Each structure stands twice: as C-alpha cells, then as structure tokens.
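Novice: Data file final-v4.cif (mmCIF, C-alpha atoms) is appended below.
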```cif
data_entry
#
loop_
_atom_site.label_atom_id
_atom_site.label_comp_id
_atom_site.auth_asym_id
_atom_site.auth_seq_id
_atom_site.Cartn_x
_atom_site.Cartn_y
_atom_site.Cartn_z
CA MET B 1 -29.86 0.95 27.75
CA ALA B 2 -31.49 -2.25 26.46
CA VAL B 3 -34.98 -2.53 24.94
CA MET B 4 -36.85 -5.85 25.29
CA LEU B 5 -37.70 -7.52 21.98
CA GLY B 6 -39.23 -10.75 23.28
CA LEU B 7 -37.92 -14.33 23.08
CA ASN B 8 -35.42 -13.33 25.80
CA TYR B 9 -33.64 -10.96 23.39
CA THR B 10 -32.99 -7.28 23.93
CA PHE B 11 -31.91 -4.52 21.60
CA VAL B 12 -28.98 -2.55 22.97
CA SER B 13 -29.46 1.13 22.17
CA GLU B 14 -26.25 2.30 23.84
CA PHE B 15 -23.00 0.93 25.20
CA ILE B 16 -20.92 1.78 28.26
CA LEU B 17 -17.20 2.32 27.65
CA ILE B 18 -15.40 0.94 30.70
CA GLY B 19 -12.03 2.18 29.45
CA PHE B 20 -9.80 3.51 32.19
CA SER B 21 -12.24 2.86 35.06
CA THR B 22 -9.78 0.23 36.34
CA PHE B 23 -7.34 3.12 37.01
CA PRO B 24 -9.58 5.57 38.92
CA HIS B 25 -6.71 7.39 40.64
CA LEU B 26 -4.73 7.83 37.43
CA GLN B 27 -7.46 9.23 35.18
CA LEU B 28 -6.45 12.89 35.60
CA MET B 29 -2.82 12.05 34.90
CA PHE B 30 -3.87 10.01 31.84
CA PHE B 31 -6.02 12.91 30.64
CA LEU B 32 -3.18 15.43 30.82
CA LEU B 33 -0.67 13.03 29.25
CA PHE B 34 -2.94 11.96 26.38
CA LEU B 35 -4.12 15.53 25.78
CA LEU B 36 -0.54 16.72 25.37
CA MET B 37 0.31 13.79 23.09
CA TYR B 38 -2.84 14.39 21.02
CA LEU B 39 -2.12 18.10 20.62
CA PHE B 40 1.47 17.31 19.66
CA THR B 41 0.23 14.76 17.10
CA LEU B 42 -2.13 17.33 15.56
CA LEU B 43 0.44 20.13 15.53
CA GLY B 44 3.18 17.85 14.20
CA ASN B 45 1.08 16.59 11.31
CA LEU B 46 -0.26 20.07 10.53
CA LEU B 47 3.29 21.42 10.52
CA ILE B 48 4.40 18.69 8.11
CA MET B 49 1.43 19.40 5.80
CA THR B 50 1.98 23.17 5.91
CA THR B 51 5.69 22.81 5.21
CA ILE B 52 5.10 20.51 2.25
CA TRP B 53 2.42 22.68 0.68
CA SER B 54 4.33 25.95 1.17
CA GLU B 55 7.71 24.70 -0.08
CA HIS B 56 7.78 24.13 -3.83
CA SER B 57 10.88 21.91 -3.64
CA LEU B 58 8.85 19.38 -1.62
CA HIS B 59 6.16 19.02 -4.29
CA THR B 60 7.30 15.50 -5.15
CA PRO B 61 5.49 12.13 -4.94
CA MET B 62 7.24 11.13 -1.70
CA TYR B 63 6.04 14.24 0.12
CA LEU B 64 2.59 14.08 -1.48
CA PHE B 65 2.21 10.63 0.09
CA LEU B 66 3.56 11.92 3.39
CA CYS B 67 0.99 14.72 3.33
CA ALA B 68 -1.81 12.20 2.66
CA LEU B 69 -0.44 10.07 5.51
CA SER B 70 -0.60 13.05 7.88
CA ILE B 71 -4.23 13.72 6.87
CA SER B 72 -5.24 10.09 7.52
CA GLU B 73 -3.45 10.19 10.88
CA ILE B 74 -5.28 13.35 11.95
CA PHE B 75 -8.66 11.83 11.06
CA TYR B 76 -7.76 8.51 12.72
CA THR B 77 -6.86 10.12 16.04
CA PHE B 78 -9.88 12.46 15.82
CA ALA B 79 -12.17 9.42 15.59
CA ILE B 80 -10.91 8.02 18.90
CA ILE B 81 -8.97 10.37 21.17
CA PRO B 82 -11.39 13.31 21.78
CA ARG B 83 -14.05 10.85 22.99
CA MET B 84 -11.47 9.08 25.17
CA LEU B 85 -10.38 12.39 26.72
CA ALA B 86 -13.97 13.37 27.46
CA ASP B 87 -14.62 10.02 29.16
CA LEU B 88 -11.54 10.46 31.35
CA LEU B 89 -13.16 13.57 32.87
CA SER B 90 -16.72 12.26 32.93
CA THR B 91 -18.62 9.84 35.14
CA LEU B 92 -20.99 8.99 32.28
CA HIS B 93 -19.31 6.78 29.70
CA SER B 94 -22.29 5.84 27.57
CA ILE B 95 -22.11 5.95 23.77
CA ALA B 96 -25.11 5.57 21.46
CA PHE B 97 -25.36 2.50 19.21
CA LEU B 98 -24.99 4.51 16.00
CA ALA B 99 -22.19 6.63 17.46
CA CYS B 100 -20.34 3.44 18.37
CA ALA B 101 -20.78 2.10 14.83
CA SER B 102 -19.58 5.42 13.38
CA GLN B 103 -16.50 5.41 15.59
CA MET B 104 -15.63 1.89 14.49
CA PHE B 105 -16.14 2.75 10.82
CA PHE B 106 -13.94 5.84 10.88
CA SER B 107 -11.20 4.28 13.04
CA PHE B 108 -10.92 1.27 10.70
CA THR B 109 -11.23 3.41 7.56
CA PHE B 110 -8.43 5.79 8.49
CA GLY B 111 -6.37 3.07 10.18
CA PHE B 112 -6.28 0.91 7.05
CA THR B 113 -5.86 3.96 4.81
CA HIS B 114 -2.72 4.62 6.83
CA SER B 115 -1.48 1.06 6.16
CA PHE B 116 -2.22 1.30 2.43
CA LEU B 117 -0.42 4.66 2.19
CA LEU B 118 2.64 3.21 3.93
CA THR B 119 2.61 0.47 1.27
CA VAL B 120 2.38 3.06 -1.51
CA MET B 121 5.29 4.97 0.04
CA GLY B 122 7.33 1.76 0.02
CA TYR B 123 6.57 1.35 -3.69
CA ASP B 124 7.60 4.98 -4.29
CA ARG B 125 10.99 4.36 -2.66
CA TYR B 126 11.38 1.15 -4.68
CA VAL B 127 10.81 3.00 -7.97
CA ALA B 128 13.06 5.91 -6.95
CA ILE B 129 16.01 3.68 -6.07
CA CYS B 130 15.60 0.66 -8.36
CA HIS B 131 14.21 2.43 -11.46
CA PRO B 132 15.33 6.09 -11.20
CA LEU B 133 15.23 6.68 -14.97
CA ARG B 134 11.56 5.64 -15.11
CA TYR B 135 10.56 7.43 -11.90
CA ASN B 136 8.89 10.44 -13.53
CA VAL B 137 6.85 8.14 -15.77
CA LEU B 138 5.83 5.58 -13.15
CA MET B 139 5.17 8.20 -10.45
CA SER B 140 3.44 10.83 -12.57
CA PRO B 141 1.07 13.29 -10.84
CA ARG B 142 -1.92 11.38 -12.21
CA GLY B 143 -0.46 8.06 -11.07
CA CYS B 144 0.28 9.39 -7.59
CA ALA B 145 -3.22 10.82 -7.26
CA CYS B 146 -4.66 7.42 -8.23
CA LEU B 147 -2.51 5.63 -5.65
CA VAL B 148 -3.65 8.00 -2.91
CA ALA B 149 -7.29 7.74 -4.01
CA TRP B 150 -7.19 3.93 -4.07
CA SER B 151 -5.64 3.94 -0.59
CA TRP B 152 -8.62 5.93 0.69
CA VAL B 153 -11.06 3.72 -1.22
CA GLY B 154 -9.39 0.63 0.24
CA GLY B 155 -9.57 2.06 3.74
CA SER B 156 -13.26 2.93 3.30
CA PHE B 157 -13.94 -0.58 2.03
CA MET B 158 -12.26 -2.14 5.07
CA GLY B 159 -14.16 0.17 7.42
CA THR B 160 -17.46 -0.69 5.74
CA VAL B 161 -16.85 -4.46 5.74
CA VAL B 162 -15.78 -4.64 9.40
CA THR B 163 -18.45 -2.27 10.74
CA THR B 164 -21.26 -3.90 8.77
CA ALA B 165 -20.21 -7.37 9.90
CA ILE B 166 -20.03 -6.42 13.59
CA PHE B 167 -23.15 -4.27 13.84
CA ASN B 168 -25.32 -6.78 12.00
CA LEU B 169 -24.84 -9.07 14.99
CA THR B 170 -27.40 -9.19 17.80
CA PHE B 171 -26.42 -7.70 21.15
CA CYS B 172 -28.42 -9.36 23.87
CA GLY B 173 -28.20 -7.42 27.08
CA PRO B 174 -24.78 -6.74 28.64
CA ASN B 175 -23.61 -3.47 27.14
CA GLU B 176 -20.31 -2.77 28.88
CA ILE B 177 -17.45 -2.49 26.38
CA HIS B 178 -14.19 -3.32 28.13
CA HIS B 179 -12.22 -0.77 26.17
CA PHE B 180 -12.01 3.02 25.76
CA PHE B 181 -13.44 2.97 22.21
CA CYS B 182 -15.67 0.76 20.08
CA HIS B 183 -13.24 -1.95 19.07
CA VAL B 184 -14.02 -5.34 17.55
CA PRO B 185 -12.88 -7.87 20.23
CA PRO B 186 -14.80 -6.39 23.20
CA LEU B 187 -17.92 -5.90 21.05
CA LEU B 188 -17.81 -9.53 19.90
CA LYS B 189 -17.92 -10.57 23.56
CA LEU B 190 -21.27 -8.75 23.90
CA ALA B 191 -22.82 -10.30 20.79
CA CYS B 192 -25.05 -13.36 20.86
CA GLY B 193 -26.38 -15.75 18.23
CA GLU B 194 -25.08 -18.69 16.28
CA ASN B 195 -23.00 -16.71 13.79
CA VAL B 196 -20.79 -14.79 16.23
CA LEU B 197 -17.86 -17.19 15.89
CA GLU B 198 -18.07 -17.14 12.08
CA VAL B 199 -18.18 -13.33 12.00
CA ALA B 200 -15.24 -13.13 14.43
CA LYS B 201 -13.18 -15.46 12.25
CA GLY B 202 -14.18 -13.65 9.06
CA VAL B 203 -13.31 -10.19 10.41
CA GLY B 204 -10.04 -11.50 11.80
CA ILE B 205 -9.06 -13.10 8.49
CA VAL B 206 -9.94 -9.95 6.50
CA CYS B 207 -7.98 -7.62 8.82
CA ILE B 208 -4.93 -9.87 9.16
CA THR B 209 -4.87 -10.57 5.42
CA ALA B 210 -4.97 -6.84 4.60
CA LEU B 211 -2.26 -5.95 7.13
CA LEU B 212 -0.09 -8.92 6.20
CA GLY B 213 -0.53 -8.20 2.49
CA CYS B 214 0.60 -4.60 2.98
CA PHE B 215 3.54 -5.70 5.11
CA LEU B 216 4.69 -8.30 2.58
CA LEU B 217 4.50 -5.78 -0.27
CA ILE B 218 6.61 -3.34 1.77
CA LEU B 219 9.03 -6.15 2.62
CA LEU B 220 9.28 -7.05 -1.08
CA SER B 221 9.95 -3.41 -1.99
CA TYR B 222 12.74 -3.15 0.57
CA THR B 223 14.25 -6.45 -0.50
CA PHE B 224 14.76 -5.03 -4.00
CA ILE B 225 15.90 -1.70 -2.50
CA VAL B 226 18.57 -3.37 -0.33
CA VAL B 227 19.83 -5.44 -3.27
CA THR B 228 20.10 -2.30 -5.43
CA ILE B 229 21.79 -0.24 -2.69
CA LEU B 230 24.40 -2.95 -2.12
CA LYS B 231 25.36 -2.68 -5.79
CA ILE B 232 26.23 1.02 -5.41
CA PRO B 233 30.07 1.21 -5.39
CA SER B 234 30.57 4.20 -3.08
CA ALA B 235 29.72 4.22 0.64
CA GLU B 236 28.46 7.79 0.28
CA GLY B 237 26.07 6.75 -2.49
CA ARG B 238 24.77 3.84 -0.42
CA HIS B 239 24.24 6.08 2.60
CA LYS B 240 22.45 8.73 0.53
CA ALA B 241 20.13 6.15 -1.05
CA PHE B 242 19.28 4.53 2.26
CA SER B 243 18.74 7.88 4.02
CA THR B 244 15.75 8.57 1.74
CA CYS B 245 14.08 5.42 3.15
CA ALA B 246 15.06 5.73 6.82
CA SER B 247 12.01 7.66 8.08
CA HIS B 248 9.51 5.51 6.18
CA LEU B 249 11.16 2.27 7.27
CA THR B 250 11.19 3.40 10.92
CA VAL B 251 7.48 4.25 10.85
CA VAL B 252 6.71 0.90 9.17
CA VAL B 253 8.56 -0.96 11.94
CA VAL B 254 6.69 0.97 14.65
CA HIS B 255 3.31 0.66 12.91
CA TYR B 256 3.49 -3.05 12.15
CA GLY B 257 5.33 -3.85 15.35
CA PHE B 258 2.42 -2.62 17.46
CA ALA B 259 -0.15 -4.04 15.02
CA SER B 260 1.42 -7.51 15.25
CA VAL B 261 1.25 -7.38 19.03
CA ILE B 262 -2.46 -6.60 18.83
CA TYR B 263 -3.59 -8.94 16.05
CA LEU B 264 -1.12 -11.80 16.35
CA LYS B 265 -0.73 -12.11 20.12
CA PRO B 266 -1.45 -15.62 21.44
CA LYS B 267 -4.70 -16.25 23.24
CA GLY B 268 -4.45 -16.45 26.99
CA PRO B 269 -5.65 -14.86 30.23
CA LYS B 270 -6.51 -11.22 29.61
CA SER B 271 -7.01 -8.33 31.99
CA LEU B 272 -9.11 -5.25 31.35
CA GLY B 273 -6.21 -2.99 32.35
CA GLY B 274 -3.79 -4.84 30.09
CA ASP B 275 -6.06 -4.61 27.04
CA THR B 276 -6.68 -0.91 27.71
CA LEU B 277 -3.00 -0.07 28.00
CA MET B 278 -2.25 -2.19 24.92
CA GLY B 279 -4.81 -0.18 22.97
CA ILE B 280 -2.91 3.01 23.79
CA THR B 281 0.05 1.83 21.70
CA TYR B 282 -1.80 2.01 18.36
CA THR B 283 -4.30 4.77 19.11
CA VAL B 284 -2.09 7.32 20.88
CA LEU B 285 1.57 6.29 20.87
CA THR B 286 2.04 5.33 17.19
CA PRO B 287 0.37 8.53 15.82
CA PHE B 288 2.42 10.53 18.35
CA LEU B 289 5.72 9.02 17.18
CA SER B 290 5.02 9.24 13.44
CA PRO B 291 5.48 13.03 12.91
CA ILE B 292 8.53 12.97 15.19
CA ILE B 293 10.15 10.24 13.12
CA PHE B 294 9.41 11.91 9.78
CA SER B 295 10.60 15.30 11.06
CA LEU B 296 13.86 14.04 12.53
CA ARG B 297 14.78 11.20 10.16
CA ASN B 298 13.98 13.00 6.90
CA LYS B 299 16.87 15.38 6.31
CA GLU B 300 15.25 17.48 3.57
CA LEU B 301 12.01 17.93 5.51
CA LYS B 302 13.90 18.74 8.71
CA ILE B 303 16.02 21.41 6.99
CA THR B 304 12.97 22.97 5.31
CA MET B 305 10.98 23.04 8.57
CA LYS B 306 13.93 24.58 10.41
CA LYS B 307 14.36 27.20 7.69
CA ALA B 308 10.64 28.08 7.74
CA PHE B 309 10.68 28.30 11.54
CA LEU B 310 13.71 30.61 11.59
CA ASN B 311 12.16 32.81 8.88
CA LYS B 312 9.05 33.20 11.04
CA LEU B 313 11.14 34.13 14.10
CA PHE B 314 13.57 36.38 12.24
CA PRO B 315 11.78 37.68 9.12
CA GLN B 316 14.37 40.43 8.65
CA ASN B 317 17.01 37.81 7.91
CA SER B 318 14.99 36.02 5.17
#
```
Turn the structure described in the file into structure tokens.

Specialist:
Amino acid sequence: MAVMLGLNYTFVSEFILIGFSTFPHLQLMFFLLFLLMYLFTLLGNLLIMTTIWSEHSLHTPMYLFLCALSISEIFYTFAIIPRMLADLLSTLHSIAFLACASQMFFSFTFGFTHSFLLTVMGYDRYVAICHPLRYNVLMSPRGCACLVAWSWVGGSFMGTVVTTAIFNLTFCGPNEIHHFFCHVPPLLKLACGENVLEVAKGVGIVCITALLGCFLLILLSYTFIVVTILKIPSAEGRHKAFSTCASHLTVVVVHYGFASVIYLKPKGPKSLGGDTLMGITYTVLTPFLSPIIFSLRNKELKITMKKAFLNKLFPQNS
C-alpha cells in the first residue's frame, strides 16, 4: 500500500515479499524442506545449550561462548524463517513497514552478534593454545561475560546503524521486495532520492568492514595457533591441540565462505530466483550446519551428549 504525499512522492506503508513466487510449483516442497531444517536447527542448538548447562565439566569459557553462539543463532533464524515459512503457504505476502524494519534490525543484530562471537571464540582458542599458563587469568568468568556482552552490544549497534540508514530513505511507490525477507539490496532498489547511492555505499562499507575485521582477527589468531602447534614435538600433542579448534574453524569457513559470496560477489546480471536461492545459504543452510559441526567435530561435547542421551534412554544403567 502506498499513500500519496504530493510532489509525486508516496509513502509506502507496506511491502510485498516476492520471495519464492518464481518457483510456484516448488513452494510446498520448499516449505517442508525448510521447516525440517529449521526444526533441526532449533533442536540442535537447544540440545547443545542444555548439554552445556547440565554438565559441570563443560562450564568453561569455550562452551560458554558456544552456548551464546547457539542463542544468537536461534534468535537469528527466528527473525527470518517463521515469516518465510508462512509466506510459502500463503497467497498474501505483504509485510508492514515497521515489521519490515524490525525484521531487518533483528536479522542484522543477531547475524553480526554471531560474527563477533566467532571472533571471540577464535581469541579463546588463541589464549588456550598460545598462553595456557595465563588462560585462567585472561579468560576469567568476568572477562568472558564482558566479551559476550560486547558481542551483543556490537551486534545491536550494527543492526541499529543499518536499519536506521535504510529506513530513513524515501520509498516512492513500487513496494515489491525481490527477496523472502527484508534485506538491504532489494530495499535499496525501491528507495528514491539523491542520497540513495551514498547510503548504499555507507552501509556496504560498514558491513564489509565489520565482517572483514572479524575475519582478519580470526585469521591472526589462527596464524599464532598454527605457529605454536608446529612447535609441539609430539604428533599426538599437535593433534590434540588442533582438535580443540577443528569445530570452530569449520564453522568459520562455512560462515565466512557464504558471507563472502553474498557481500563480495562481482556485480553482473542478476535473477530473482538466483538471489533468492543464494539467500538460503546464509539464512537456512549455515544455521542448519552449525550445530551439526559443533556436535560432530567437538569430541568432548559429542561424548557428553551421547552419554546424556543414553542415560535418558537407559536410566537404570546410569
């Protein structure tokens, strides 16, 4: 819906999410597939959180950060996927202006919180391997709580900056968002005015700088980690040290691999279907893979989860 404001301008009071309308015959299949992946993502992260909180041996900084990561992932997917699932079953794909702004704010807040937490987890592994004697001092409970809190503050700041910049633009009539959620690029295409290009460049620079900064800090941490591991004389010691980083490193590669495809892809001819399917990689696929990776690649967590599961099935043997 658009309300006339005069001078050939209109105020858009709602948007239409085109989303998967380019795949009309596949929408039911997409709904079932994404519903199962979403439920698995929720259950996987909840299982990780429950295991960590119930097992005293996992009350360490590394697992505190993993628990915070699971929380941010649950909120991130909740901001996007339930609405997407509803639209797959509905013929009405309208979303109110304020609801669209809220969705953008929460998706960017929790998305960047996720990136900041991955950076903190990289620092935790760096301290554990490169400075083990100072680990309890550098990663004290108070220090860990501050790192988690600042990650959430940083995510909220990014969400506020991006959302404020985009929704202070003027939207002049066309209100069809060529995506399944309120994302920056398709919304910029609907904006009008002389400052659209400047806002687009500013938002792009802020987002890429934040992501690249996090990635470089993680890369720096792992550079020191690799150098330290290579100095360990025994192969068993090197393997044990690296195994504590394997799950985190795998998630980092998946997370930043998909992010680089989205933010750093070269400009060229785009299709609505291609952009929609590309969006699935970082809204559905990455959160789906994350709990799987942490559950399978983290030996201590995997053993604890298996033990808890068996105790639930066979309580007489516990």

Novice: What residues come out when you apply the PyMOL selection byres ((chain B and resi 275-289) around 9) to this file, written as an MDAnalysis selection string?

Specialist: chainID B and resid 19:20 34 37:38 40:42 44 73:74 76:77 80:81 178:180 251 254:255 258:259 261:262 270:274 290:294

Novice: Go ahead and save the picked residues with C-alpha atoms, as a CSV table (one decimal), keeping the file's coordinate frame.

Specialist:
```csv
chain,number,residue,atom,x,y,z
B,19,GLY,CA,-12.0,2.2,29.4
B,20,PHE,CA,-9.8,3.5,32.2
B,34,PHE,CA,-2.9,12.0,26.4
B,37,MET,CA,0.3,13.8,23.1
B,38,TYR,CA,-2.8,14.4,21.0
B,40,PHE,CA,1.5,17.3,19.7
B,41,THR,CA,0.2,14.8,17.1
B,42,LEU,CA,-2.1,17.3,15.6
B,44,GLY,CA,3.2,17.8,14.2
B,73,GLU,CA,-3.4,10.2,10.9
B,74,ILE,CA,-5.3,13.4,12.0
B,76,TYR,CA,-7.8,8.5,12.7
B,77,THR,CA,-6.9,10.1,16.0
B,80,ILE,CA,-10.9,8.0,18.9
B,81,ILE,CA,-9.0,10.4,21.2
B,178,HIS,CA,-14.2,-3.3,28.1
B,179,HIS,CA,-12.2,-0.8,26.2
B,180,PHE,CA,-12.0,3.0,25.8
B,251,VAL,CA,7.5,4.2,10.8
B,254,VAL,CA,6.7,1.0,14.6
B,255,HIS,CA,3.3,0.7,12.9
B,258,PHE,CA,2.4,-2.6,17.5
B,259,ALA,CA,-0.2,-4.0,15.0
B,261,VAL,CA,1.2,-7.4,19.0
B,262,ILE,CA,-2.5,-6.6,18.8
B,270,LYS,CA,-6.5,-11.2,29.6
B,271,SER,CA,-7.0,-8.3,32.0
B,272,LEU,CA,-9.1,-5.2,31.4
B,273,GLY,CA,-6.2,-3.0,32.4
B,274,GLY,CA,-3.8,-4.8,30.1
B,290,SER,CA,5.0,9.2,13.4
B,291,PRO,CA,5.5,13.0,12.9
B,292,ILE,CA,8.5,13.0,15.2
B,293,ILE,CA,10.2,10.2,13.1
B,294,PHE,CA,9.4,11.9,9.8
```

Novice: So what do you get for atom CA of Pro24 of chain B versus atom CA of Glu176 of chain B, distance-wise?

Specialist: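 Computing it gives 16.9 Å between the two atoms.
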
Novice: Go through B:Leu169, B:Val196, B:Val120, B:Leu89 and flag the residue nearest Met62 of chain B, using only C-alpha atoms for the distances.

Specialist: B:Val120

Novice: Between B:Ile218, B:Met29, B:Leu43, B:Ala191, which one has atoms that come closest to Cys172 of chain B, using only C-alpha atoms?

Specialist: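 Ranking B:Ile218, B:Met29, B:Leu43, B:Ala191 by distance to Cys172 of chain B, first place goes to B:Ala191.
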
Novice: Given the choices B:Leu190, B:Leu296, B:Ala68, B:Ala79, which gets closest to Phe105 of chain B if the distance is worked out from all atoms listed in the file?

Specialist: B:Ala79

Novice: Using all atoms listed in the file, can you tell me which of B:Leu133, B:Ser247, B:His239, B:Leu117 comes closest to Lys302 of chain B?

Specialist: B:Ser247

Novice: Just give me the gap between atom CA of Phe171 of chain B and atom CA of Thr113 of chain B in Å, one decimal is fine.

Specialist: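 Value for the atom CA of Phe171 of chain B-atom CA of Thr113 of chain B distance: 28.7 Å.
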
Novice: Between atom CA of Gly155 of chain B and atom CA of Ala210 of chain B, what is the distance in Å, rounded to a tenth?

Specialist: 10.1 Å

Novice: Might you spell out which residues the PyMOL selection byres ((chain B and resi 110) around 7) would select in the displayed file, as a ChimeraX atom specification?

Specialist: /B:72,75-76,106-109,111-114,155

Novice: Please rebuild segment 30-40 of chain B with all heavy atoms and give the result as a compact mmCIF listing (two decimals), in the coordinates of the input.

Specialist:
```txt
# COMPACT_ATOMS: atom_id res chain seq x y z
N PHE B 30 -3.70 10.52 33.21
CA PHE B 30 -3.87 10.01 31.84
C PHE B 30 -4.43 11.10 30.93
O PHE B 30 -4.00 11.24 29.78
CB PHE B 30 -4.80 8.81 31.83
CG PHE B 30 -4.13 7.51 32.25
CD1 PHE B 30 -4.84 6.55 32.95
CD2 PHE B 30 -2.81 7.26 31.93
CE1 PHE B 30 -4.25 5.36 33.33
CE2 PHE B 30 -2.20 6.07 32.30
CZ PHE B 30 -2.92 5.12 33.01
N PHE B 31 -5.41 11.85 31.45
CA PHE B 31 -6.02 12.91 30.64
C PHE B 31 -4.99 13.94 30.21
O PHE B 31 -4.91 14.30 29.02
CB PHE B 31 -7.13 13.60 31.44
CG PHE B 31 -7.69 14.83 30.75
CD1 PHE B 31 -8.62 14.71 29.73
CD2 PHE B 31 -7.24 16.10 31.10
CE1 PHE B 31 -9.13 15.83 29.08
CE2 PHE B 31 -7.73 17.22 30.45
CZ PHE B 31 -8.67 17.09 29.44
N LEU B 32 -4.19 14.42 31.15
CA LEU B 32 -3.18 15.43 30.82
C LEU B 32 -2.13 14.88 29.86
O LEU B 32 -1.73 15.56 28.90
CB LEU B 32 -2.52 15.93 32.11
CG LEU B 32 -3.43 16.70 33.07
CD1 LEU B 32 -2.69 17.01 34.37
CD2 LEU B 32 -3.94 17.98 32.43
N LEU B 33 -1.68 13.64 30.11
CA LEU B 33 -0.67 13.03 29.25
C LEU B 33 -1.18 12.83 27.83
O LEU B 33 -0.52 13.22 26.86
CB LEU B 33 -0.24 11.69 29.85
CG LEU B 33 0.75 10.86 29.02
CD1 LEU B 33 2.07 11.60 28.85
CD2 LEU B 33 0.97 9.50 29.66
N PHE B 34 -2.39 12.25 27.71
CA PHE B 34 -2.94 11.96 26.38
C PHE B 34 -3.35 13.23 25.65
O PHE B 34 -3.28 13.30 24.42
CB PHE B 34 -4.12 11.00 26.49
CG PHE B 34 -3.76 9.65 27.05
CD1 PHE B 34 -4.69 8.90 27.75
CD2 PHE B 34 -2.49 9.14 26.89
CE1 PHE B 34 -4.36 7.66 28.27
CE2 PHE B 34 -2.13 7.89 27.40
CZ PHE B 34 -3.07 7.16 28.10
N LEU B 35 -3.78 14.24 26.39
CA LEU B 35 -4.12 15.53 25.78
C LEU B 35 -2.88 16.16 25.15
O LEU B 35 -2.92 16.63 24.00
CB LEU B 35 -4.73 16.47 26.81
CG LEU B 35 -5.04 17.90 26.31
CD1 LEU B 35 -6.07 17.87 25.19
CD2 LEU B 35 -5.51 18.79 27.46
N LEU B 36 -1.78 16.16 25.90
CA LEU B 36 -0.54 16.72 25.37
C LEU B 36 -0.05 15.94 24.15
O LEU B 36 0.38 16.53 23.15
CB LEU B 36 0.54 16.73 26.47
CG LEU B 36 0.35 17.75 27.59
CD1 LEU B 36 1.41 17.55 28.67
CD2 LEU B 36 0.39 19.18 27.06
N MET B 37 -0.12 14.61 24.22
CA MET B 37 0.31 13.79 23.09
C MET B 37 -0.58 14.01 21.88
O MET B 37 -0.10 14.05 20.74
CB MET B 37 0.31 12.31 23.51
CG MET B 37 1.36 11.96 24.54
SD MET B 37 1.29 10.23 25.07
CE MET B 37 1.97 9.41 23.63
N TYR B 38 -1.89 14.16 22.12
CA TYR B 38 -2.84 14.39 21.02
C TYR B 38 -2.58 15.74 20.35
O TYR B 38 -2.53 15.84 19.11
CB TYR B 38 -4.27 14.31 21.54
CG TYR B 38 -5.33 14.57 20.50
CD1 TYR B 38 -5.36 13.86 19.30
CD2 TYR B 38 -6.31 15.55 20.71
CE1 TYR B 38 -6.34 14.09 18.35
CE2 TYR B 38 -7.29 15.78 19.76
CZ TYR B 38 -7.30 15.06 18.58
OH TYR B 38 -8.27 15.31 17.64
N LEU B 39 -2.39 16.77 21.17
CA LEU B 39 -2.12 18.10 20.62
C LEU B 39 -0.81 18.11 19.84
O LEU B 39 -0.70 18.72 18.77
CB LEU B 39 -2.07 19.14 21.75
CG LEU B 39 -3.40 19.44 22.44
CD1 LEU B 39 -3.19 20.41 23.60
CD2 LEU B 39 -4.42 20.01 21.46
N PHE B 40 0.19 17.39 20.36
CA PHE B 40 1.47 17.31 19.66
C PHE B 40 1.31 16.57 18.34
O PHE B 40 1.91 16.96 17.33
CB PHE B 40 2.50 16.59 20.54
CG PHE B 40 3.89 16.60 19.96
CD1 PHE B 40 4.78 17.62 20.28
CD2 PHE B 40 4.31 15.61 19.08
CE1 PHE B 40 6.06 17.65 19.75
CE2 PHE B 40 5.59 15.63 18.54
CZ PHE B 40 6.46 16.65 18.87
```
